[in-house]
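Chemist: The file below is structure_26.txt, compact mmCIF, C-alpha atoms:
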# COMPACT_ATOMS: atom_id res chain seq x y z
CA MET A 1 -30.00 282.61 59.86
CA LYS A 2 -26.82 282.82 61.91
CA LYS A 3 -27.96 279.88 64.05
CA ARG A 4 -28.49 277.75 60.94
CA ILE A 5 -25.02 278.65 59.66
CA ILE A 6 -23.41 277.83 63.01
CA PHE A 7 -25.31 274.55 63.21
CA ALA A 8 -24.27 273.62 59.66
CA LEU A 9 -20.63 274.46 60.46
CA PHE A 10 -20.75 272.40 63.62
CA ALA A 11 -22.31 269.46 61.78
CA SER A 12 -19.65 269.68 59.08
CA LEU A 13 -16.86 269.68 61.65
CA LEU A 14 -18.42 266.71 63.46
CA LEU A 15 -18.77 264.78 60.21
CA PHE A 16 -15.17 265.57 59.27
CA SER A 17 -13.98 264.43 62.69
CA CYS A 18 -15.90 261.15 62.40
CA GLN A 19 -14.59 260.53 58.89
CA SER A 20 -11.04 261.25 60.05
CA GLU A 21 -11.47 258.82 62.95
CA VAL A 22 -12.75 256.09 60.62
CA SER A 23 -9.85 256.76 58.25
CA ARG A 24 -7.26 256.50 61.04
CA SER A 25 -8.87 253.32 62.31
CA ALA A 26 -8.94 251.72 58.85
CA LYS A 27 -5.32 252.68 58.18
CA ALA A 28 -4.15 251.33 61.56
CA ASN A 29 -6.01 248.04 61.06
CA LYS A 30 -4.87 247.41 57.47
CA ARG A 31 -3.06 244.06 57.51
CA LEU A 32 -2.48 244.50 61.25
CA GLY A 33 -0.25 241.78 62.64
CA THR A 34 1.91 241.41 59.54
CA ARG A 35 5.65 242.05 59.49
CA GLN A 36 4.97 245.35 57.71
CA ASN A 37 2.30 246.42 60.20
CA PRO A 38 2.99 244.60 63.49
CA ILE A 39 0.73 244.77 66.52
CA LYS A 40 2.31 247.48 68.67
CA MET A 41 2.55 246.54 72.34
CA TYR A 42 3.67 249.25 74.76
CA PHE A 43 4.83 248.97 78.35
CA VAL A 44 5.07 251.74 80.94
CA PRO A 45 8.51 252.69 82.34
CA SER A 46 7.73 251.75 85.95
CA LEU A 47 10.99 249.80 86.09
CA GLU A 48 14.33 250.15 84.27
CA ALA A 49 13.42 250.48 80.59
CA GLY A 50 15.96 247.98 79.27
CA LYS A 51 14.68 245.26 81.56
CA VAL A 52 11.06 245.97 80.58
CA VAL A 53 11.97 245.81 76.88
CA ASN A 54 13.72 242.45 77.31
CA SER A 55 10.71 240.91 79.06
CA GLY A 56 8.35 242.52 76.54
CA GLU A 57 10.30 241.03 73.65
CA GLU A 58 10.03 237.58 75.21
CA ILE A 59 6.26 238.02 75.49
CA ALA A 60 6.12 239.17 71.86
CA VAL A 61 7.98 236.06 70.69
CA ALA A 62 5.64 233.78 72.61
CA LEU A 63 2.55 235.55 71.23
CA HIS A 64 3.92 235.32 67.68
CA GLU A 65 4.40 231.58 68.11
CA ALA A 66 0.85 231.24 69.46
CA THR A 67 -0.96 233.42 66.91
CA GLY A 68 1.30 233.91 63.91
CA TYR A 69 0.95 237.67 64.31
CA HIS A 70 3.98 239.93 64.43
CA PHE A 71 4.45 242.25 67.41
CA LYS A 72 6.55 245.33 68.08
CA VAL A 73 7.49 246.30 71.65
CA ALA A 74 8.23 249.79 72.97
CA VAL A 75 8.64 251.55 76.33
CA PRO A 76 7.84 255.28 76.02
CA THR A 77 9.21 257.79 78.49
CA SER A 78 6.04 258.23 80.56
CA TYR A 79 2.65 256.74 81.38
CA ALA A 80 1.01 259.68 79.60
CA ALA A 81 2.93 258.92 76.41
CA VAL A 82 1.52 255.38 76.39
CA ILE A 83 -2.02 256.70 76.90
CA GLU A 84 -1.65 259.17 74.03
CA ALA A 85 -0.26 256.41 71.81
CA LEU A 86 -3.43 254.38 72.43
CA GLY A 87 -5.54 257.35 71.38
CA SER A 88 -3.55 258.07 68.22
CA TYR A 89 -3.46 254.42 67.02
CA GLN A 90 0.31 254.27 67.55
CA CYS A 91 -0.24 251.59 70.20
CA ASP A 92 -2.58 248.61 69.98
CA ILE A 93 -1.98 246.95 73.36
CA ALA A 94 -0.73 248.63 76.53
CA TRP A 95 0.26 247.14 79.87
CA LEU A 96 -1.18 250.00 81.89
CA PRO A 97 -1.28 250.75 85.61
CA THR A 98 -4.67 251.23 87.19
CA TYR A 99 -5.09 254.99 87.04
CA ALA A 100 -3.54 255.21 83.59
CA TYR A 101 -6.18 252.75 82.37
CA VAL A 102 -9.01 254.80 83.90
CA LEU A 103 -7.72 257.85 82.06
CA ALA A 104 -7.22 255.94 78.78
CA LYS A 105 -10.81 254.70 79.01
CA GLU A 106 -12.14 258.19 79.65
CA LYS A 107 -10.12 259.93 76.94
CA TYR A 108 -9.92 257.30 74.22
CA ASN A 109 -12.38 254.52 75.09
CA ALA A 110 -9.58 251.99 75.54
CA ASN A 111 -10.71 248.59 76.81
CA VAL A 112 -9.26 246.58 79.67
CA LYS A 113 -9.16 242.87 78.87
CA LEU A 114 -6.92 241.36 81.54
CA ILE A 115 -6.01 242.20 85.14
CA THR A 116 -2.78 241.11 86.80
CA VAL A 117 -2.63 238.73 89.74
CA ARG A 118 -0.03 239.00 92.51
CA ASP A 119 0.10 236.67 95.48
CA GLY A 120 -3.37 235.46 94.57
CA ARG A 121 -4.83 238.98 94.67
CA THR A 122 -6.20 241.24 91.95
CA ASN A 123 -5.77 244.33 94.12
CA TYR A 124 -2.83 246.01 95.83
CA ARG A 125 -1.94 249.16 97.73
CA GLY A 126 0.70 251.82 97.82
CA GLN A 127 3.21 252.64 100.53
CA PHE A 128 5.01 255.67 101.93
CA VAL A 129 8.70 255.18 102.71
CA ALA A 130 11.41 257.34 104.29
CA SER A 131 15.03 257.11 105.38
CA ASN A 132 15.05 259.64 108.24
CA LYS A 133 14.24 257.77 111.45
CA ASN A 134 12.41 260.85 112.72
CA ILE A 135 9.82 260.43 109.97
CA ARG A 136 7.49 257.76 111.36
CA THR A 137 3.99 258.93 110.34
CA LEU A 138 2.37 260.68 107.40
CA GLU A 139 1.94 263.79 109.51
CA ASP A 140 5.74 263.92 109.81
CA LEU A 141 5.86 264.75 106.09
CA GLU A 142 4.71 268.30 106.78
CA GLY A 143 7.16 270.64 105.04
CA LYS A 144 9.09 267.75 103.47
CA VAL A 145 9.95 266.77 99.87
CA VAL A 146 8.19 263.67 98.50
CA ALA A 147 9.21 261.67 95.42
CA TYR A 148 6.24 260.32 93.49
CA THR A 149 6.61 257.85 90.61
CA ASP A 150 4.45 259.24 87.80
CA ALA A 151 1.38 261.47 87.60
CA ALA A 152 -0.64 258.53 86.22
CA SER A 153 0.34 256.06 88.97
CA ALA A 154 -2.41 255.14 91.42
CA SER A 155 -0.10 253.80 94.12
CA GLY A 156 2.79 256.13 93.37
CA TYR A 157 0.89 259.41 93.22
CA ILE A 158 -2.91 259.56 93.02
CA TYR A 159 -3.89 257.71 96.18
CA PRO A 160 -1.00 258.89 98.40
CA SER A 161 -1.32 262.53 97.34
CA ALA A 162 -5.05 262.35 98.08
CA MET A 163 -4.32 260.93 101.54
CA LEU A 164 -1.91 263.76 102.33
CA LYS A 165 -4.47 266.27 101.12
CA HIS A 166 -7.14 264.69 103.29
CA LEU A 167 -4.82 264.82 106.33
CA GLY A 168 -3.97 268.45 105.66
CA VAL A 169 -0.27 267.71 105.23
CA ASN A 170 1.47 270.45 103.25
CA LEU A 171 4.63 269.41 101.45
CA LYS A 172 7.59 271.69 100.78
CA ASN A 173 7.80 270.21 97.29
CA HIS A 174 7.28 267.04 95.28
CA VAL A 175 9.06 265.48 92.31
CA PHE A 176 8.20 262.78 89.79
CA ALA A 177 11.02 260.25 89.73
CA GLY A 178 9.82 258.35 86.64
CA GLY A 179 9.32 254.94 88.24
CA HIS A 180 9.03 253.04 91.53
CA PRO A 181 12.70 252.08 92.06
CA GLN A 182 13.67 255.60 90.97
CA ALA A 183 11.44 257.08 93.67
CA ILE A 184 13.06 254.82 96.28
CA LEU A 185 16.49 255.91 95.07
CA ALA A 186 15.52 259.57 95.43
CA VAL A 187 15.07 258.96 99.16
CA TYR A 188 18.13 256.73 99.43
CA SER A 189 20.33 259.42 97.85
CA GLY A 190 18.85 262.25 99.92
CA GLN A 191 17.08 264.00 97.05
CA ALA A 192 13.72 263.50 98.77
CA ASP A 193 12.57 262.93 102.34
CA ALA A 194 9.99 260.30 101.42
CA ALA A 195 8.65 258.38 98.44
CA CYS A 196 5.41 256.72 97.37
CA THR A 197 5.55 253.36 95.57
CA TYR A 198 3.69 250.07 95.28
CA TRP A 199 3.55 247.68 98.22
CA SER A 200 3.59 243.89 98.05
CA PRO A 201 3.40 241.39 100.93
CA ALA A 202 6.56 239.68 102.16
CA ASP A 203 7.52 236.33 100.66
CA SER A 204 7.45 233.02 102.54
CA THR A 205 10.75 233.85 104.26
CA GLY A 206 9.49 237.21 105.52
CA ARG A 207 11.52 239.23 103.04
CA PRO A 208 9.70 242.34 101.73
CA THR A 209 8.82 242.28 98.03
CA ASP A 210 7.77 245.89 97.57
CA ALA A 211 9.55 248.40 95.30
CA ARG A 212 12.68 248.32 97.49
CA GLU A 213 13.30 244.70 96.53
CA LYS A 214 14.19 245.76 92.97
CA LEU A 215 17.27 247.57 94.32
CA VAL A 216 18.72 244.90 96.61
CA ASP A 217 21.35 243.73 94.11
CA THR A 218 22.83 247.22 93.70
CA HIS A 219 22.00 248.55 97.18
CA PRO A 220 22.17 245.63 99.67
CA ASP A 221 21.31 247.89 102.62
CA ILE A 222 18.10 249.22 101.04
CA PHE A 223 15.79 247.57 103.59
CA GLU A 224 17.84 248.93 106.49
CA LYS A 225 18.07 252.45 105.06
CA ILE A 226 14.47 252.81 103.83
CA HIS A 227 11.51 252.09 106.13
CA VAL A 228 7.73 252.08 105.54
CA ILE A 229 5.67 254.75 107.32
CA GLY A 230 2.18 254.19 105.90
CA TYR A 231 -0.09 252.60 103.31
CA THR A 232 -2.87 253.64 100.93
CA GLU A 233 -6.29 252.06 100.47
CA TRP A 234 -6.59 248.94 98.29
CA ILE A 235 -6.51 249.50 94.51
CA PRO A 236 -7.43 247.17 91.60
CA ASN A 237 -4.33 245.73 89.94
CA ASP A 238 -2.81 246.95 86.68
CA THR A 239 -4.11 245.94 83.29
CA VAL A 240 -3.55 244.68 79.79
CA THR A 241 -5.51 247.22 77.78
CA PHE A 242 -6.48 247.24 74.08
CA ARG A 243 -7.16 250.35 72.02
CA LYS A 244 -10.58 251.00 70.54
CA ASN A 245 -11.60 249.80 67.07
CA LEU A 246 -9.33 246.78 66.89
CA PRO A 247 -10.67 244.00 64.64
CA SER A 248 -12.75 241.89 67.02
CA ALA A 249 -11.44 238.52 65.81
CA LEU A 250 -7.82 239.63 66.15
CA GLU A 251 -8.50 241.13 69.58
CA GLU A 252 -10.17 237.98 70.87
CA GLU A 253 -7.35 235.78 69.56
CA VAL A 254 -4.62 237.92 71.13
CA VAL A 255 -6.45 238.23 74.47
CA THR A 256 -6.73 234.43 74.60
CA ALA A 257 -3.06 234.02 73.68
CA ILE A 258 -1.88 236.41 76.40
CA HIS A 259 -4.15 234.78 78.96
CA ASN A 260 -2.95 231.28 78.06
CA PHE A 261 0.67 232.48 78.07
CA SER A 262 0.33 233.57 81.69
CA PHE A 263 -0.21 229.93 82.73
CA THR A 264 2.84 228.52 80.94
CA GLU A 265 6.18 227.89 82.62
CA ASP A 266 7.86 230.58 80.51
CA GLY A 267 4.95 232.94 81.01
CA ILE A 268 5.10 232.65 84.79
CA ARG A 269 8.85 233.35 84.74
CA ILE A 270 8.69 236.25 82.29
CA LEU A 271 5.73 237.98 83.95
CA ARG A 272 7.42 237.66 87.32
CA ASP A 273 10.57 239.28 85.92
CA LEU A 274 8.54 241.99 84.21
CA TYR A 275 6.14 243.36 86.82
CA ASP A 276 6.20 240.76 89.63
CA VAL A 277 3.04 239.26 88.13
CA ASP A 278 1.94 235.74 89.06
CA GLY A 279 -0.78 235.49 86.43
CA LEU A 280 -3.57 237.20 84.52
CA GLU A 281 -7.36 237.04 84.80
CA ILE A 282 -10.09 238.21 82.44
CA ALA A 283 -11.28 241.69 83.48
CA SER A 284 -13.94 244.24 82.60
CA ASP A 285 -14.21 247.99 82.92
CA LYS A 286 -16.61 247.62 85.87
CA ASP A 287 -13.71 246.26 87.94
CA TYR A 288 -12.33 249.81 87.97
CA ASP A 289 -15.47 251.65 89.06
CA VAL A 290 -14.06 251.61 92.60
CA VAL A 291 -11.22 253.84 91.39
CA ARG A 292 -13.64 256.27 89.78
CA ASP A 293 -15.68 256.33 92.99
CA ALA A 294 -12.53 257.12 94.97
CA LEU A 295 -11.59 259.93 92.59
CA ARG A 296 -15.07 261.44 92.88
CA THR A 297 -14.85 261.23 96.67
CA MET A 298 -11.52 263.07 96.49
CA ASN A 299 -12.95 265.65 94.07
CA MET A 300 -10.28 264.66 91.56
CA ASP A 301 -10.76 264.82 87.81
CA PRO A 302 -8.53 262.20 86.10
CA GLU A 303 -7.37 264.32 83.18
CA SER A 304 -6.69 267.44 85.24
CA MET A 305 -4.71 265.39 87.75
CA LEU A 306 -2.52 264.01 84.97
CA ASN A 307 -1.95 267.52 83.63
Can you dump the structure from the file as structure tokens?

Modeler:
Amino acid sequence: MKKRIIFALFASLLLFSCQSEVSRSAKANKRLGTRQNPIKMYFVPSLEAGKVVNSGEEIAVALHEATGYHFKVAVPTSYAAVIEALGSYQCDIAWLPTYAYVLAKEKYNANVKLITVRDGRTNYRGQFVASNKNIRTLEDLEGKVVAYTDAASASGYIYPSAMLKHLGVNLKNHVFAGGHPQAILAVYSGQADAACTYWSPADSTGRPTDAREKLVDTHPDIFEKIHVIGYTEWIPNDTVTFRKNLPSALEEEVVTAIHNFSFTEDGIRILRDLYDVDGLEIASDKDYDVVRDALRTMNMDPESMLN
């Protein structure tokens, strides 16, 4: 008797949960793309928020001209906040880093649609940097303070922290700086001994284009003061991700518009200013299985790592 009651209660709760999910989906999709209910496009705060908003607004204008839909741009305070917004229907499209996408897929069945291209590549790697000339290898970080970017950053936390763990390097402490330039600045200002950020190859003149490059205007000696001491494994590039249960016709139209935008003169300029992106390619979830394989190898659970 008790088992039947428990089963009935469980079934009722499951039905209520499904009905609530359908209700939230229907409410979020009602007249989506109108001025009253714009398509909400979120960006992560990997760079200075004001700059990201400006570039995001330019993308929104171009997409409105291409589709007729209205868009609203926002930059929450963390990668995790963007992921949660996807799950709660507060965000429809998110420009998510690699690991953040893997988590959003696992938690909320978000769907990657586009992958970024940089220097002709759809993958990248992270770097370790330091200012102290005595820190030349990863082993030299023993007992030191490291500035990571964000707990959901593959290049700025997940991969480098796994490497240090694999090497048996024990840190004195670590901090989350809130972005790649911010992590560099933590080392530059002496708040941390080392930092982990994204790496990019040098340009045609030999000038580095990694996270340090974003600080050259305000800190002209950044390349002299901050040196690279190591790199992570290769990682699939960041994404343009759509939340679950979007109207399929709207989703297809917007994906096409964003993809086409990346080939335009304005698109190339804006994407370069935004995240140093040269273009966008169509992507699928399978492209990120390599990240899941790496996490399993490292005995890392995505959600627990974010927590």

Chemist: Identify which of the residues A:Lys105, A:Ser189, A:Ala151, A:Ile268 lies closest to A:Ser55, counting all atoms listed in the file when measuring atom-to-atom distances.

Modeler: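 Using all atoms listed in the file, the shortest distance to A:Ser55 belongs to A:Ile268.
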
Chemist: Using the file's own x, y and z axes, so that the box edges lie along x, y and z, what centre and edge lengths in Å (one decimal) does a box around every listed atom of stretch 231-236 of chain A get when 5 Å is added on each side? Give it as JSON.

Modeler:
{"center_x": -3.8, "center_y": 250.4, "center_z": 97.5, "size_x": 17.3, "size_y": 16.5, "size_z": 21.7}

Chemist: Near A:Lys113, within 10 Å and counting only C-alpha atoms, which residues show up once chain neighbours fewer than 2 positions away are dropped, as JSON, numbers by chain?

Modeler: {"A": [93, 110, 111, 115, 239, 240, 241, 242, 251, 252, 255, 256, 259, 280, 281, 282, 283, 284, 285]}

Chemist: May I have the residues within 10 Å of A:Lys172 as a PyMOL selection string, using all atoms listed in the file and disregarding those fewer than 3 positions away in the same chain?

Modeler: chain A and resi 141-146+169

Chemist: Quote the spacing between atom CA of A:Gln191 and atom CA of A:Lys225 in Å to one decimal place.

Modeler: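 Atom CA of A:Gln191 sits 14.1 Å away from atom CA of A:Lys225.
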
Chemist: Enter the distance from atom CA of A:Arg243 to atom CA of A:Asp92, in Å, rounded to one decimal.

Modeler: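 Value for the atom CA of A:Arg243-atom CA of A:Asp92 distance: 5.3 Å.
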
Chemist: Figure out the distance between atom CA of A:Trp199 and atom CA of A:Asn237, please, to one decimal in Å.

Modeler: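 That distance, rounded to one decimal, is 11.6 Å.
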
Chemist: Of the candidates A:Ala202, A:Arg118, A:Ser78, A:Val291, which one gets nearest to A:Ala177 if we count all atoms listed in the file?

Modeler: A:Ser78

Chemist: Which neighbours of stretch 97-102 of chain A fall inside 7 Å, counting all atoms listed in the file, when residues of the same chain fewer than 2 positions from it are skipped, and could you give them as a PyMOL selection string?

Modeler: chain A and resi 79+95+104-106+152-154+236-239

Chemist: What's the 9 Å shell around A:Thr67, counting only C-alpha atoms, without same-chain residues fewer than 6 positions away, as a PyMOL selection string?

Modeler: chain A and resi 253-254+257

Chemist: Ranking A:Met300, A:Leu86, A:Ile229, A:Ala74 by minimum distance to A:Lys51 and counting only C-alpha atoms, which one comes first?

Modeler: A:Ala74

Chemist: Compare A:Pro181, A:Gly230, A:Pro220, A:Gly168 by their minimum atom-to-atom distance to A:Thr137, counting all atoms listed in the file, and give me the closest one.

Modeler: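 Result for the nearest residue to A:Thr137: A:Gly230.
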
Chemist: Between A:Thr34, A:Val228, A:Lys27, A:Gly126, which is the closest to A:Ile158 once you count only C-alpha atoms?

Modeler: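 Closest candidate: A:Gly126.
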
Chemist: Between A:Tyr89, A:Tyr288, A:Tyr188, A:Phe176, which residue has the minimum interatomic distance to A:Arg212, considering only C-alpha atoms?

Modeler: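 Among the listed residues, the smallest separation from A:Arg212 belongs to A:Tyr188.
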
Chemist: Mind listing whatever residues come within 9 Å of the point (-11.9, 259.5, 70.4)? Use only C-alpha atoms, file coordinates, and give them as a ChimeraX atom specification.

Modeler: /A:21,87-88,107-109,244
